[in-house]
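Report on the following structure.
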Amino acid sequence: MIAGTRPINYLRISVTDRCNFRCRYCVPCKPFEELDHNQIARYEEILRITRIACELGITKVRITGGEPFARKGILNFLENLTVIDGLKDISVTTNGSLLTREKIDTLVTLGIKRLNFSLDTLDPVKFKTITGKDKFQTVWDMILLAHQKGIQPIKINAVVLNGLNDDEIVPLARLTRRYPFHIRFIEYMPIGETDIKEKQILSHEIKDRIENHLGPLQPVERTQNDGPAKKYRLEEAPGIIGLITPVSSHFCSDCNRLRLTSRGTLRPCLLNNYEKDILGPLRNNADDDQLKEIIRTALNKKPAAHNLSERCVGDIPISHMTSIGG
Ligand code: SAM
Ligand code: SF4
């Protein structure tokens, strides 16, 4: 599938808007309504949309949420994804807190080798302040277990904010000296109405802080499978440090993604509020060709570059991060 001059081969699917965490940078501060069960795309509906998208050229899928492991039946759904023709790469983004040894074993058996965890701090007290849950140890144990079970690469996403967890930049970066993890610092994006008042830290400052404390960062060459992270390595470190810069430096021209939100809308750009409903037509008996046309229409709306302040709305109201999936 082509949008502008870019081939689009990556579908990011949010399977639920529910989450057992309340990360301050993600969850709206004002009361908000969760979707009714019948508003959320059912697994068989997601599988059909994915199959059709794969016929159009999607080869990679990342499952996200909300918290994907908060949705019942997720492992069975993942198993059904693995048999879709043309789908070569399935990965999952999780907060890690609902994983268990058995679930990790199943992921390995299914061939899902790439996991992204969210972890913004190594301090259990700060972890609770940020996420609302006293679950640091569980998450850390699951990261280590996934590592022992051979899941690779393990990517750890950290959103850093001044005064909240900026003092965690160096300890998190230091992990790459001990483990082959990819520690990725993501610039905070002002999406939805969160209660974030702390100042966002841009990537060049994160890089400076790491270099001042841990020494020079050597650029790492990009591979075909790389996402938008600029990658670096500390001298002789097995792990990688990634800087993801949606705010300070757009990577729109390289963006190869389409998103399917938990309520069954296609979102061509995370930072632009245009969404195209596909679940409604699917439930109204649209055939595969009609659904393909909807996917193409959504892709044609993929902007050349985002504008964080733009409010370009399609046929759907504005989403929160938990329903879009990050
Ligand atoms: N619950 C899972 C998790 O936390 O990994 C998956 C969903 S979460 C929405 C996906 C990613 O979005 C996480 O890595 C999280 O750090 C990131 N994220 C959430 N809100 C963000 C924001 N306002 N700015 C930047 N990244 C954000
Ligand atoms: Fe939940 Fe992930 Fe959002 Fe945190 S970042 S509230 S874990 S969806």
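The chains in the structure tokens are called A, B, ... from first to last as shown; in each chain the residues are counted from 1, and the ligands are counted from 1 in the order shown.
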* To do: Set the cut-off to 7 Å, count only C-alpha atoms and all ligand atoms, and list whatever residues fall near ligand 2 as a ChimeraX atom specification.
  => /A:19-23,26-27,65-67,94-95,118,131,321-322,325
Please produce a file of those selected residues containing N, CA, C and O atoms, as a PDB file, in the first residue's frame.
ATOM      1  N   CYS A  19      -7.321  -0.262  30.573  1.00  0.00           N
ATOM      2  CA  CYS A  19      -5.971  -0.467  31.095  1.00  0.00           C
ATOM      3  C   CYS A  19      -6.032  -0.543  32.608  1.00  0.00           C
ATOM      4  O   CYS A  19      -6.807   0.164  33.243  1.00  0.00           O
ATOM      5  N   ASN A  20      -5.203  -1.411  33.185  1.00  0.00           N
ATOM      6  CA  ASN A  20      -5.143  -1.519  34.649  1.00  0.00           C
ATOM      7  C   ASN A  20      -4.233  -0.441  35.249  1.00  0.00           C
ATOM      8  O   ASN A  20      -4.175  -0.302  36.459  1.00  0.00           O
ATOM      9  N   PHE A  21      -3.532   0.312  34.421  1.00  0.00           N
ATOM     10  CA  PHE A  21      -2.700   1.422  34.900  1.00  0.00           C
ATOM     11  C   PHE A  21      -3.388   2.750  34.588  1.00  0.00           C
ATOM     12  O   PHE A  21      -4.306   2.799  33.760  1.00  0.00           O
ATOM     13  N   ARG A  22      -2.881   3.782  35.200  1.00  0.00           N
ATOM     14  CA  ARG A  22      -3.391   5.132  34.952  1.00  0.00           C
ATOM     15  C   ARG A  22      -2.201   6.067  34.747  1.00  0.00           C
ATOM     16  O   ARG A  22      -2.033   7.041  35.498  1.00  0.00           O
ATOM     17  N   CYS A  23      -1.364   5.747  33.769  1.00  0.00           N
ATOM     18  CA  CYS A  23      -0.151   6.564  33.581  1.00  0.00           C
ATOM     19  C   CYS A  23      -0.554   8.013  33.349  1.00  0.00           C
ATOM     20  O   CYS A  23      -1.435   8.297  32.533  1.00  0.00           O
ATOM     21  N   CYS A  26      -0.760   9.493  29.897  1.00  0.00           N
ATOM     22  CA  CYS A  26      -1.559   8.773  28.906  1.00  0.00           C
ATOM     23  C   CYS A  26      -3.062   8.894  29.148  1.00  0.00           C
ATOM     24  O   CYS A  26      -3.830   9.131  28.223  1.00  0.00           O
ATOM     25  N   VAL A  27      -3.467   8.743  30.401  1.00  0.00           N
ATOM     26  CA  VAL A  27      -4.898   8.663  30.708  1.00  0.00           C
ATOM     27  C   VAL A  27      -5.460  10.068  30.940  1.00  0.00           C
ATOM     28  O   VAL A  27      -4.829  10.884  31.617  1.00  0.00           O
ATOM     29  N   GLY A  65      -2.744  -1.248  23.140  1.00  0.00           N
ATOM     30  CA  GLY A  65      -4.008  -0.954  23.808  1.00  0.00           C
ATOM     31  C   GLY A  65      -4.025   0.513  24.196  1.00  0.00           C
ATOM     32  O   GLY A  65      -3.296   1.310  23.592  1.00  0.00           O
ATOM     33  N   GLY A  66      -4.681   0.819  25.230  1.00  0.00           N
ATOM     34  CA  GLY A  66      -4.918   0.160  26.491  1.00  0.00           C
ATOM     35  C   GLY A  66      -3.870  -0.915  26.778  1.00  0.00           C
ATOM     36  O   GLY A  66      -2.799  -0.906  26.203  1.00  0.00           O
ATOM     37  N   GLU A  67      -4.233  -1.803  27.664  1.00  0.00           N
ATOM     38  CA  GLU A  67      -3.305  -2.880  27.971  1.00  0.00           C
ATOM     39  C   GLU A  67      -3.792  -4.152  27.286  1.00  0.00           C
ATOM     40  O   GLU A  67      -4.833  -4.692  27.671  1.00  0.00           O
ATOM     41  N   THR A  94       3.267  -3.700  25.819  1.00  0.00           N
ATOM     42  CA  THR A  94       2.560  -3.999  27.068  1.00  0.00           C
ATOM     43  C   THR A  94       3.166  -3.243  28.241  1.00  0.00           C
ATOM     44  O   THR A  94       4.353  -2.900  28.215  1.00  0.00           O
ATOM     45  N   ASN A  95       2.350  -3.049  29.271  1.00  0.00           N
ATOM     46  CA  ASN A  95       2.938  -2.517  30.512  1.00  0.00           C
ATOM     47  C   ASN A  95       3.558  -3.647  31.333  1.00  0.00           C
ATOM     48  O   ASN A  95       4.193  -3.390  32.357  1.00  0.00           O
ATOM     49  N   SER A 118       6.603  -0.864  28.661  1.00  0.00           N
ATOM     50  CA  SER A 118       6.689   0.534  29.085  1.00  0.00           C
ATOM     51  C   SER A 118       7.227   0.569  30.501  1.00  0.00           C
ATOM     52  O   SER A 118       6.703  -0.116  31.379  1.00  0.00           O
ATOM     53  N   THR A 131       2.220   5.522  37.451  1.00  0.00           N
ATOM     54  CA  THR A 131       1.229   4.589  36.866  1.00  0.00           C
ATOM     55  C   THR A 131      -0.016   4.410  37.728  1.00  0.00           C
ATOM     56  O   THR A 131      -1.008   3.859  37.267  1.00  0.00           O
ATOM     57  N   MET A 321      -5.323   8.394  23.983  1.00  0.00           N
ATOM     58  CA  MET A 321      -4.171   7.536  23.695  1.00  0.00           C
ATOM     59  C   MET A 321      -4.489   6.058  23.945  1.00  0.00           C
ATOM     60  O   MET A 321      -4.053   5.194  23.204  1.00  0.00           O
ATOM     61  N   THR A 322      -5.270   5.773  24.994  1.00  0.00           N
ATOM     62  CA  THR A 322      -5.526   4.362  25.311  1.00  0.00           C
ATOM     63  C   THR A 322      -6.340   3.678  24.225  1.00  0.00           C
ATOM     64  O   THR A 322      -6.208   2.473  24.033  1.00  0.00           O
ATOM     65  N   GLY A 325      -3.692   3.609  21.025  1.00  0.00           N
ATOM     66  CA  GLY A 325      -2.658   2.581  21.213  1.00  0.00           C
ATOM     67  C   GLY A 325      -1.229   3.078  21.117  1.00  0.00           C
ATOM     68  O   GLY A 325      -0.302   2.294  21.100  1.00  0.00           O
TER      69      GLY A 325
END
* Asked: Residues of segment 22-255 of chain A in strand (DSSP E) according to DSSP, as a PyMOL selection string?
  -> chain A and resi 60-64+89-94+114-118+154-159+182-186+217-219+230-234+240-244
* Give the alpha helix (DSSP H) residues of segment 35-172 of chain A, as assigned by DSSP on the backbone, as an MDAnalysis selection string. => chainID A and resid 43:55 74:81 101:110 124:131 136:148 169:172
Report as a tab-separated table the residues of chain A within 9 Å of ligand 1, each with its shortest atom pair and distance in Å (one decimal), using only C-alpha atoms and all ligand atoms, ordered by chain and increasing residue number.
residue	atom	partner	partner_atom_place_in_ligand_line	distance
A:Ser14	CA	ligand 1	7 (C)	7.7
A:Asp17	CA	ligand 1	7 (C)	8.8
A:Arg18	CA	ligand 1	1 (N)	8.8
A:Cys19	CA	ligand 1	1 (N)	6.5
A:Asn20	CA	ligand 1	1 (N)	8.5
A:Phe21	CA	ligand 1	1 (N)	7.7
A:Cys23	CA	ligand 1	20 (N)	7.6
A:Arg24	CA	ligand 1	20 (N)	8.2
A:Tyr25	CA	ligand 1	23 (N)	4.7
A:Cys26	CA	ligand 1	20 (N)	3.7
A:Val27	CA	ligand 1	20 (N)	7.4
A:Ile63	CA	ligand 1	6 (C)	8.1
A:Thr64	CA	ligand 1	6 (C)	4.7
A:Gly65	CA	ligand 1	7 (C)	4.3
A:Gly66	CA	ligand 1	1 (N)	4.8
A:Glu67	CA	ligand 1	1 (N)	3.9
A:Pro68	CA	ligand 1	1 (N)	6.7
A:Phe69	CA	ligand 1	1 (N)	8.6
A:Val92	CA	ligand 1	6 (C)	8.1
A:Thr93	CA	ligand 1	5 (O)	4.7
A:Thr94	CA	ligand 1	5 (O)	3.8
A:Asn95	CA	ligand 1	3 (C)	4.2
A:Gly96	CA	ligand 1	5 (O)	7.6
A:Asn116	CA	ligand 1	5 (O)	6.6
A:Phe117	CA	ligand 1	5 (O)	5.3
A:Ser118	CA	ligand 1	5 (O)	4.4
A:Leu119	CA	ligand 1	16 (O)	7.5
A:Asp120	CA	ligand 1	16 (O)	7.7
A:Ile156	CA	ligand 1	14 (O)	7.8
A:Asn157	CA	ligand 1	14 (O)	4.9
A:Ala158	CA	ligand 1	16 (O)	5.8
A:Val159	CA	ligand 1	16 (O)	5.5
A:Val160	CA	ligand 1	25 (C)	8.7
A:Ile186	CA	ligand 1	25 (C)	5.8
A:Glu187	CA	ligand 1	25 (C)	5.8
A:Tyr188	CA	ligand 1	24 (N)	3.8
A:Met189	CA	ligand 1	24 (N)	3.8
A:Pro190	CA	ligand 1	23 (N)	5.4
A:Ile191	CA	ligand 1	23 (N)	5.5
A:Gly192	CA	ligand 1	23 (N)	7.8
A:Thr194	CA	ligand 1	23 (N)	7.9
A:Ile196	CA	ligand 1	23 (N)	8.9
A:Pro246	CA	ligand 1	25 (C)	8.5
A:His320	CA	ligand 1	9 (C)	8.9
A:Met321	CA	ligand 1	9 (C)	5.3
A:Thr322	CA	ligand 1	9 (C)	4.9
A:Ser323	CA	ligand 1	9 (C)	7.7
A:Ile324	CA	ligand 1	9 (C)	7.1
A:Gly325	CA	ligand 1	9 (C)	4.4
A:Gly326	CA	ligand 1	12 (O)	3.8
* Using only C-alpha atoms, which of the listed residues (A:Asp166, A:Asp254, A:Asp105, A:Glu275) sits closest to Gln148 of chain A? ->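 Once distances to Gln148 of chain A are computed over only C-alpha atoms, the minimum belongs to A:Asp105.
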* Long-range neighbours of Arg177 of chain A as a list in words, 12 Å cut-off, only C-alpha atoms, 5 positions minimum in chain -> Val170, Pro171, Leu172, His182, Ile183, Leu214, Gly215, Arg233, Leu234, Glu235, Glu236, Ala237, Pro238, Gly239, Ile240 and Ile241 of chain A
